[in-house]
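Notes follow once the structure below has been shown.
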Amino acid sequence: MTTTTRTEHGTGTGTEHGTGPSRLTWALTDSWTMTRRELAHWARQPVAVVVGLAFPVMLLLMFTYLVGGGRDVAGDPTEYLVPGMLALTMAFGLESTMLAVTQDLGKGVIDRFRSLPMVPGAVLVGRSAADMLQSVAALAVMAGVGYAVGWRWHNGVAAALGAVGLLLLLRFAMLWAGIHLAMVAGRPELVQAVQILVWPVGFLSNVFASPASMPGWLGTVVEWNPMSATATAVRELFGNPGGATGSWAAEHAQLLAVLWPVVIMAVFFPLAVGKFARLSR
Amino acid sequence: MAGNVTEAIVLDGVHKRYGEKRALDGLDLTVGAGTVHAVLGPNGAGKTTAVRIMSTLLRPDAGRVTVAGLDVRERASGVRRRIGLLGQHAAVDEQLGGRQNLEMFGRLYHLGARRAGTRADELLERFGLADTGRKAVKQYSGGMRRRLDLAASLITEPAVLFLDEPTTGLDPRGRAEVWGAVRSLVGGGTTVLLTTQYLEEADQLADRISLIDEGRVAAEGTSDQLKALVGGDRIDIVLRDAARLAEAARLLGSPDALRDPDRRLISAPAPDRMAALTWAVRALQEAGIEAEDIAVRRPTLDEVFLSLTGRPSGEQPVRETEAAA
């Protein structure tokens, strides 16, 4: 018995990295395979997908009609609340990413992927592609519901697309934070802790209420929350009331809405990729 | 490329530590091509660490590891193309269907979409999963899941197949299913390395067995060779009254008898199973010692260990006999 014959018999068209199709081709092929896996999960669990999309919508309706968010702001409260909820939904995406990575790690399926001759990074690319697609769907649904309850954008399509871009940028940053956190301490208990902790962080933002209505020090903390920067920038771009406080952070919200996610990514992207590569230590 | 390889796996002085804990402490192992080799040891002996190193999931701190003629550190990608791995936890996607799983793994082995599909169908057929291939894996029984897992590790007909405790957590039927599947591989030329806590499993499946303890090989040989080291069957007697253990041990006339007062248990060698049983029943009856349970059984893995690792065995309690069942 020789290894050579088995290999010929076995792998068929399987090719070494660096020969035949380029490594880049395999990277793309493998990433697509991993993305398809996530899409197949959705097809298998339509109820979970609907619930995932309905949850932020429920929050939006709850804060619009029951809690009365945005009432302290000059202008239409709904117009204030909807962009904030969009930012909140993107930031809370951290949880769903963490949960998915934690589950994969716990079940050993990541080990299987790592024992295959695939391009290892494809696991992470597939995760991010699927999460971004889900986020686009979430934004579309929430914008639709927002429209139904009276929210509008006033500054044209280009500005609106810019706003969507900033929202997805925040989501992309939270994605890598989520992947890293899941790998560092990927236990279900930790995911639960994060699921609880995102709430105070969410409320310590200008999503529901203007910092102008808060005590000075708290208002400052809230204004520097990355979620607030995105919310304010998105309000500006949509032409919604911003509850302007006149502070530096509020005046430069669009800059901060780019800077914050870039900083978060600059920290977590290398950490996550490095940690993934070091799973073999 | 590796030409004729007679040794499918070679480990030479492999060390691996996690912080202070030495998981592997100079592990040596040689597995001939086309054979089934069992790595037998208790929890924490280093079995899983060894498999993870051999299957490129973990880097050794020191030592040389060659699988299918390739160094696992320098040729990880090449090794991955020649191995299949069945991890301790079923490494399949539970939310997907069985066929979807196999097709996905086939694509990731770079078989191409069409070949991945046909290969998935072949394997489902071979492992008796053709009818349930569309069902989500989470609806599978334990044995079915394990068979799918095994199918996934055989997508490219690997030269070397690693099975890490393939039957842990399965009911007897699931275990029999997996054993059947493993046996069907043998003769196909695949080299199989399996880890197990069960002496019987190693006995049933393996050509050779390496007993490992604390990250090192304690003994290696065929099943018969290892059993001879332990010395035959034993008789276990549970008394009603722990105070009479010593007396009962004297009656049995065995200085090698193990005594466990907590469980009121006495365990002695029984070279002749039936004779030992009848003799013990009669002797206890005549002495008026009441027994709650008497059983003759094969040596347990613990006893193999006790005798091979040279730890004091006299006071050591005999552990669950189920360990060897």
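Residue numbering restarts at 1 for every chain of the structure tokens, chains are lettered A, B, ... in their displayed order, and ligands are numbered from 1 as they appear.
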
DSSP-assigned alpha helix (DSSP H) among region 199-255 of chain A, expressed as a PyMOL selection string: chain A and resi 199-203+216-224+226-238+248-251+253-255

Spatial neighbours of region 235-243 of chain A, 6 Å, only C-alpha atoms, chain gap at least 3 places, as a PyMOL selection string: chain A and resi 73+75+79-80+83+153-155+159-160+163+210+232

Produce a file of the selected residues containing N, CA and C atoms, as a PDB file, in the first residue's frame.
ATOM      1  N   VAL A  73     -37.214  65.202  22.517  1.00  0.00           N
ATOM      2  CA  VAL A  73     -36.496  65.797  21.410  1.00  0.00           C
ATOM      3  C   VAL A  73     -37.441  66.682  20.608  1.00  0.00           C
ATOM      4  N   GLY A  75     -39.174  67.889  17.546  1.00  0.00           N
ATOM      5  CA  GLY A  75     -39.504  67.186  16.307  1.00  0.00           C
ATOM      6  C   GLY A  75     -40.243  65.904  16.604  1.00  0.00           C
ATOM      7  N   GLU A  79     -39.305  59.917  14.264  1.00  0.00           N
ATOM      8  CA  GLU A  79     -38.188  60.252  13.377  1.00  0.00           C
ATOM      9  C   GLU A  79     -36.859  60.199  14.133  1.00  0.00           C
ATOM     10  N   TYR A  80     -36.917  60.480  15.441  1.00  0.00           N
ATOM     11  CA  TYR A  80     -35.716  60.409  16.265  1.00  0.00           C
ATOM     12  C   TYR A  80     -35.384  58.950  16.589  1.00  0.00           C
ATOM     13  N   PRO A  83     -33.882  55.926  13.473  1.00  0.00           N
ATOM     14  CA  PRO A  83     -32.450  55.788  13.177  1.00  0.00           C
ATOM     15  C   PRO A  83     -31.666  55.233  14.366  1.00  0.00           C
ATOM     16  N   TRP A 153     -37.018  59.577   5.214  1.00  0.00           N
ATOM     17  CA  TRP A 153     -35.719  60.240   5.015  1.00  0.00           C
ATOM     18  C   TRP A 153     -35.939  61.427   4.098  1.00  0.00           C
ATOM     19  N   HIS A 154     -35.166  62.479   4.341  1.00  0.00           N
ATOM     20  CA  HIS A 154     -35.488  63.772   3.712  1.00  0.00           C
ATOM     21  C   HIS A 154     -34.373  64.300   2.835  1.00  0.00           C
ATOM     22  N   ASN A 155     -33.198  63.644   2.839  1.00  0.00           N
ATOM     23  CA  ASN A 155     -32.040  64.230   2.164  1.00  0.00           C
ATOM     24  C   ASN A 155     -31.652  63.505   0.887  1.00  0.00           C
ATOM     25  N   ALA A 159     -27.626  60.366   0.392  1.00  0.00           N
ATOM     26  CA  ALA A 159     -27.400  60.514   1.837  1.00  0.00           C
ATOM     27  C   ALA A 159     -27.945  59.304   2.587  1.00  0.00           C
ATOM     28  N   ALA A 160     -29.101  58.811   2.136  1.00  0.00           N
ATOM     29  CA  ALA A 160     -29.698  57.648   2.798  1.00  0.00           C
ATOM     30  C   ALA A 160     -28.784  56.432   2.665  1.00  0.00           C
ATOM     31  N   ALA A 163     -26.029  56.680   5.022  1.00  0.00           N
ATOM     32  CA  ALA A 163     -26.461  56.285   6.360  1.00  0.00           C
ATOM     33  C   ALA A 163     -26.433  54.765   6.503  1.00  0.00           C
ATOM     34  N   SER A 210     -32.308  61.970  24.169  1.00  0.00           N
ATOM     35  CA  SER A 210     -31.211  62.883  23.864  1.00  0.00           C
ATOM     36  C   SER A 210     -30.337  63.088  25.100  1.00  0.00           C
ATOM     37  N   THR A 232     -26.418  59.430  15.677  1.00  0.00           N
ATOM     38  CA  THR A 232     -26.477  60.857  15.345  1.00  0.00           C
ATOM     39  C   THR A 232     -26.136  61.093  13.872  1.00  0.00           C
TER      40      THR A 232
END

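One distance worth recording is that between CA of Asn101 (chain B) and CA of Ala152 (chain B), which is 7.7 Å.
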
Residue contacts of region 143-152 of chain A (7 Å, only C-alpha atoms) excluding same-chain residues fewer than 2 positions away, as a PyMOL selection string: chain A and resi 78-79+82+139-141+154

Distance query Thr196 (chain B) at most 6 Å, only C-alpha atoms, self and fewer than 2 positions along chain excluded, as a PyMOL selection string: chain B and resi 40+165+198

Per residue of chain B within 7 Å of chain A, what are the shortest atom pair and its distance in Å to one decimal, counting only C-alpha atoms, with rows by chain and residue number, as a tab-separated table?
residue	atom	partner	partner_atom	distance
B:Ala2	CA	A:Thr3	CA	6.8
B:Gly3	CA	A:Thr2	CA	6.4
B:Asn4	CA	A:Thr2	CA	4.9
B:Val5	CA	A:Thr2	CA	5.9
B:Ser55	CA	A:Ser115	CA	6.5
B:Thr56	CA	A:Ser115	CA	6.7
B:Leu57	CA	A:Ser280	CA	5.2
B:Leu58	CA	A:Ser280	CA	4.0
B:Arg59	CA	A:Ser280	CA	5.7
B:Ala68	CA	A:Thr3	CA	6.4
B:Ser77	CA	A:Pro117	CA	5.6
B:Arg80	CA	A:Pro117	CA	5.3
B:Arg81	CA	A:Pro117	CA	5.6
B:Arg82	CA	A:Thr7	CA	6.7
B:His89	CA	A:Gly108	CA	5.9
B:Ala90	CA	A:Gly108	CA	6.7
B:Ala91	CA	A:Val109	CA	4.1
B:Val92	CA	A:Val109	CA	5.4
B:Asp93	CA	A:Val109	CA	6.4
B:Gln95	CA	A:His41	CA	6.2
B:Leu96	CA	A:His41	CA	6.5
B:Met104	CA	A:Thr33	CA	6.8
B:Leu108	CA	A:Met118	CA	5.3
B:Tyr109	CA	A:Pro117	CA	5.9
B:His110	CA	A:Gly14	CA	4.8
B:Leu111	CA	A:Gly14	CA	5.3
B:Thr156	CA	A:Gly10	CA	4.4
B:Glu157	CA	A:Gly10	CA	5.0
B:Pro158	CA	A:Gly10	CA	6.7
B:Ala159	CA	A:Arg6	CA	6.1
B:Gly189	CA	A:Met1	CA	6.9

Contacts of region 192-201 of chain A at 12 Å (only C-alpha atoms; same-chain gap of 5+ positions) as JSON, numbers by chain: {"A": [88, 89, 90, 91, 92, 93, 94, 95, 96, 97, 98, 99, 102, 174, 177, 178, 181, 182, 185, 186, 187, 206, 207, 208, 221, 222, 223, 224, 225, 226, 227, 228]}

Atomic distance CA of Leu85 (chain B) - CA of Gly274 (chain A), expressed in Å with one decimal: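 These atoms are spaced 24.0 Å apart.
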
Excluding Glu94 (chain B) and its own-chain neighbours fewer than 3 positions away, which residues fall within 8 Å of it when counting only C-alpha atoms? Please give them as a compact mmCIF listing (two decimals) with N, CA and C atoms, in the first residue's frame.
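So around-v4.txt came out as:
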# COMPACT_ATOMS: atom_id res chain seq x y z
N GLY B 97 -28.87 18.99 6.80
CA GLY B 97 -29.18 17.59 6.55
C GLY B 97 -27.90 16.78 6.40
N ALA B 136 -32.60 16.84 9.01
CA ALA B 136 -31.60 17.59 9.76
C ALA B 136 -30.89 16.63 10.73
N VAL B 137 -29.58 16.82 10.88
CA VAL B 137 -28.79 15.90 11.69
C VAL B 137 -29.24 15.89 13.14
N LYS B 138 -29.80 17.01 13.61
CA LYS B 138 -30.21 17.03 15.02
C LYS B 138 -31.36 16.06 15.29

Gap from CA of Val234 (chain A) to CA of Ala48 (chain A) - Å, one decimal: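 We find that CA of Val234 (chain A) and CA of Ala48 (chain A) lie 28.5 Å from each other.
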
10 Å contact set for Pro166 (chain B), only C-alpha atoms, chain neighbours under 5 positions out, as a list in words: Leu86, Gly87, Gln88, His89, Ala90, Arg146, Arg147, Asp149, Leu150, Arg175, Val178, Trp179, Val182, Leu194, Thr195, Thr196 and Glu201 of chain B

Just write the chosen residues, N, CA and C atoms, as a PDB file, in the first residue's frame.
ATOM      1  N   LEU B  86     -12.321  11.689  13.039  1.00  0.00           N
ATOM      2  CA  LEU B  86     -13.587  11.561  13.747  1.00  0.00           C
ATOM      3  C   LEU B  86     -13.299  11.991  15.178  1.00  0.00           C
ATOM      4  N   GLY B  87     -13.690  13.229  15.493  1.00  0.00           N
ATOM      5  CA  GLY B  87     -13.379  13.779  16.809  1.00  0.00           C
ATOM      6  C   GLY B  87     -14.271  13.217  17.887  1.00  0.00           C
ATOM      7  N   GLN B  88     -14.000  13.656  19.122  1.00  0.00           N
ATOM      8  CA  GLN B  88     -14.767  13.129  20.240  1.00  0.00           C
ATOM      9  C   GLN B  88     -16.223  13.565  20.183  1.00  0.00           C
ATOM     10  N   HIS B  89     -16.430  14.809  19.761  1.00  0.00           N
ATOM     11  CA  HIS B  89     -17.795  15.291  19.590  1.00  0.00           C
ATOM     12  C   HIS B  89     -18.120  15.205  18.110  1.00  0.00           C
ATOM     13  N   ALA B  90     -19.336  14.797  17.803  1.00  0.00           N
ATOM     14  CA  ALA B  90     -19.717  14.682  16.404  1.00  0.00           C
ATOM     15  C   ALA B  90     -19.481  16.022  15.716  1.00  0.00           C
ATOM     16  N   ARG B 146     -23.062   9.485  14.483  1.00  0.00           N
ATOM     17  CA  ARG B 146     -21.679   9.025  14.473  1.00  0.00           C
ATOM     18  C   ARG B 146     -21.322   8.435  13.114  1.00  0.00           C
ATOM     19  N   ARG B 147     -22.271   7.717  12.508  1.00  0.00           N
ATOM     20  CA  ARG B 147     -22.012   7.145  11.187  1.00  0.00           C
ATOM     21  C   ARG B 147     -21.838   8.245  10.150  1.00  0.00           C
ATOM     22  N   ASP B 149     -20.768  11.231  10.808  1.00  0.00           N
ATOM     23  CA  ASP B 149     -19.476  11.798  11.156  1.00  0.00           C
ATOM     24  C   ASP B 149     -18.355  10.972  10.521  1.00  0.00           C
ATOM     25  N   LEU B 150     -18.507   9.661  10.633  1.00  0.00           N
ATOM     26  CA  LEU B 150     -17.518   8.749  10.054  1.00  0.00           C
ATOM     27  C   LEU B 150     -17.496   8.897   8.530  1.00  0.00           C
ATOM     28  N   ARG B 175     -22.974   1.683  19.512  1.00  0.00           N
ATOM     29  CA  ARG B 175     -21.600   1.204  19.551  1.00  0.00           C
ATOM     30  C   ARG B 175     -21.386   0.096  18.521  1.00  0.00           C
ATOM     31  N   VAL B 178     -21.113   1.509  15.056  1.00  0.00           N
ATOM     32  CA  VAL B 178     -19.822   2.129  14.751  1.00  0.00           C
ATOM     33  C   VAL B 178     -18.747   1.065  14.567  1.00  0.00           C
ATOM     34  N   TRP B 179     -18.782   0.053  15.426  1.00  0.00           N
ATOM     35  CA  TRP B 179     -17.801  -1.021  15.277  1.00  0.00           C
ATOM     36  C   TRP B 179     -17.912  -1.668  13.907  1.00  0.00           C
ATOM     37  N   VAL B 182     -16.358   0.551  11.348  1.00  0.00           N
ATOM     38  CA  VAL B 182     -14.889   0.554  11.404  1.00  0.00           C
ATOM     39  C   VAL B 182     -14.339  -0.738  10.800  1.00  0.00           C
ATOM     40  N   LEU B 194      -7.332   4.526  16.624  1.00  0.00           N
ATOM     41  CA  LEU B 194      -8.489   4.891  17.444  1.00  0.00           C
ATOM     42  C   LEU B 194      -8.083   4.995  18.892  1.00  0.00           C
ATOM     43  N   THR B 195      -8.684   5.959  19.592  1.00  0.00           N
ATOM     44  CA  THR B 195      -8.457   6.066  21.021  1.00  0.00           C
ATOM     45  C   THR B 195      -9.706   5.560  21.709  1.00  0.00           C
ATOM     46  N   THR B 196      -9.509   5.002  22.874  1.00  0.00           N
ATOM     47  CA  THR B 196     -10.665   4.487  23.599  1.00  0.00           C
ATOM     48  C   THR B 196     -10.343   4.323  25.075  1.00  0.00           C
ATOM     49  N   GLU B 201     -13.261  -2.467  23.448  1.00  0.00           N
ATOM     50  CA  GLU B 201     -13.280  -1.849  22.133  1.00  0.00           C
ATOM     51  C   GLU B 201     -11.937  -2.051  21.427  1.00  0.00           C
TER      52      GLU B 201
END

Distance criterion (only C-alpha atoms): nearest to Asp233 (chain B) out of B:Met274, B:Ala219, B:Ile266, B:Ile209: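 Among the listed residues, the smallest separation from Asp233 (chain B) belongs to B:Met274.
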
Backbone DSSP call of strand (DSSP E or B) for region 109-229 of chain B, listed as a VMD selection string: chain B and resid 136 160 to 164 191 to 196 208 to 213 216 to 221

Selected residues written out with C-alpha atoms, as a PDB file, in the first residue's frame:
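This went into part.pdb:
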ATOM      1  CA  ALA B 136     -31.599  17.586   9.762  1.00  0.00           C
ATOM      2  CA  VAL B 160      -4.989   7.475   7.692  1.00  0.00           C
ATOM      3  CA  LEU B 161      -8.167   7.698   9.737  1.00  0.00           C
ATOM      4  CA  PHE B 162      -8.212   9.013  13.303  1.00  0.00           C
ATOM      5  CA  LEU B 163     -11.090   7.992  15.557  1.00  0.00           C
ATOM      6  CA  ASP B 164     -11.070   9.770  18.900  1.00  0.00           C
ATOM      7  CA  THR B 191      -4.732   2.832   8.520  1.00  0.00           C
ATOM      8  CA  VAL B 192      -6.926   3.418  11.540  1.00  0.00           C
ATOM      9  CA  LEU B 193      -5.797   4.949  14.808  1.00  0.00           C
ATOM     10  CA  LEU B 194      -8.489   4.891  17.444  1.00  0.00           C
ATOM     11  CA  THR B 195      -8.457   6.066  21.021  1.00  0.00           C
ATOM     12  CA  THR B 196     -10.665   4.487  23.599  1.00  0.00           C
ATOM     13  CA  ARG B 208      -2.150  -3.555  18.294  1.00  0.00           C
ATOM     14  CA  ILE B 209      -2.775  -1.519  21.422  1.00  0.00           C
ATOM     15  CA  SER B 210      -0.721   1.213  23.046  1.00  0.00           C
ATOM     16  CA  LEU B 211      -1.590   1.769  26.661  1.00  0.00           C
ATOM     17  CA  ILE B 212      -0.896   5.351  27.546  1.00  0.00           C
ATOM     18  CA  ASP B 213      -0.771   7.011  30.906  1.00  0.00           C
ATOM     19  CA  ARG B 216       3.536   8.357  27.822  1.00  0.00           C
ATOM     20  CA  VAL B 217       3.244   4.823  26.527  1.00  0.00           C
ATOM     21  CA  ALA B 218       2.999   2.433  29.472  1.00  0.00           C
ATOM     22  CA  ALA B 219       2.841  -0.732  27.370  1.00  0.00           C
ATOM     23  CA  GLU B 220       2.334  -1.770  23.790  1.00  0.00           C
ATOM     24  CA  GLY B 221       1.341  -5.011  22.172  1.00  0.00           C
TER      25      GLY B 221
END

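Residue nearest Ala138 (chain A), chosen from A:Leu259, A:Leu190, A:Val57, A:Ala212 and counting only C-alpha atoms: A:Val57.
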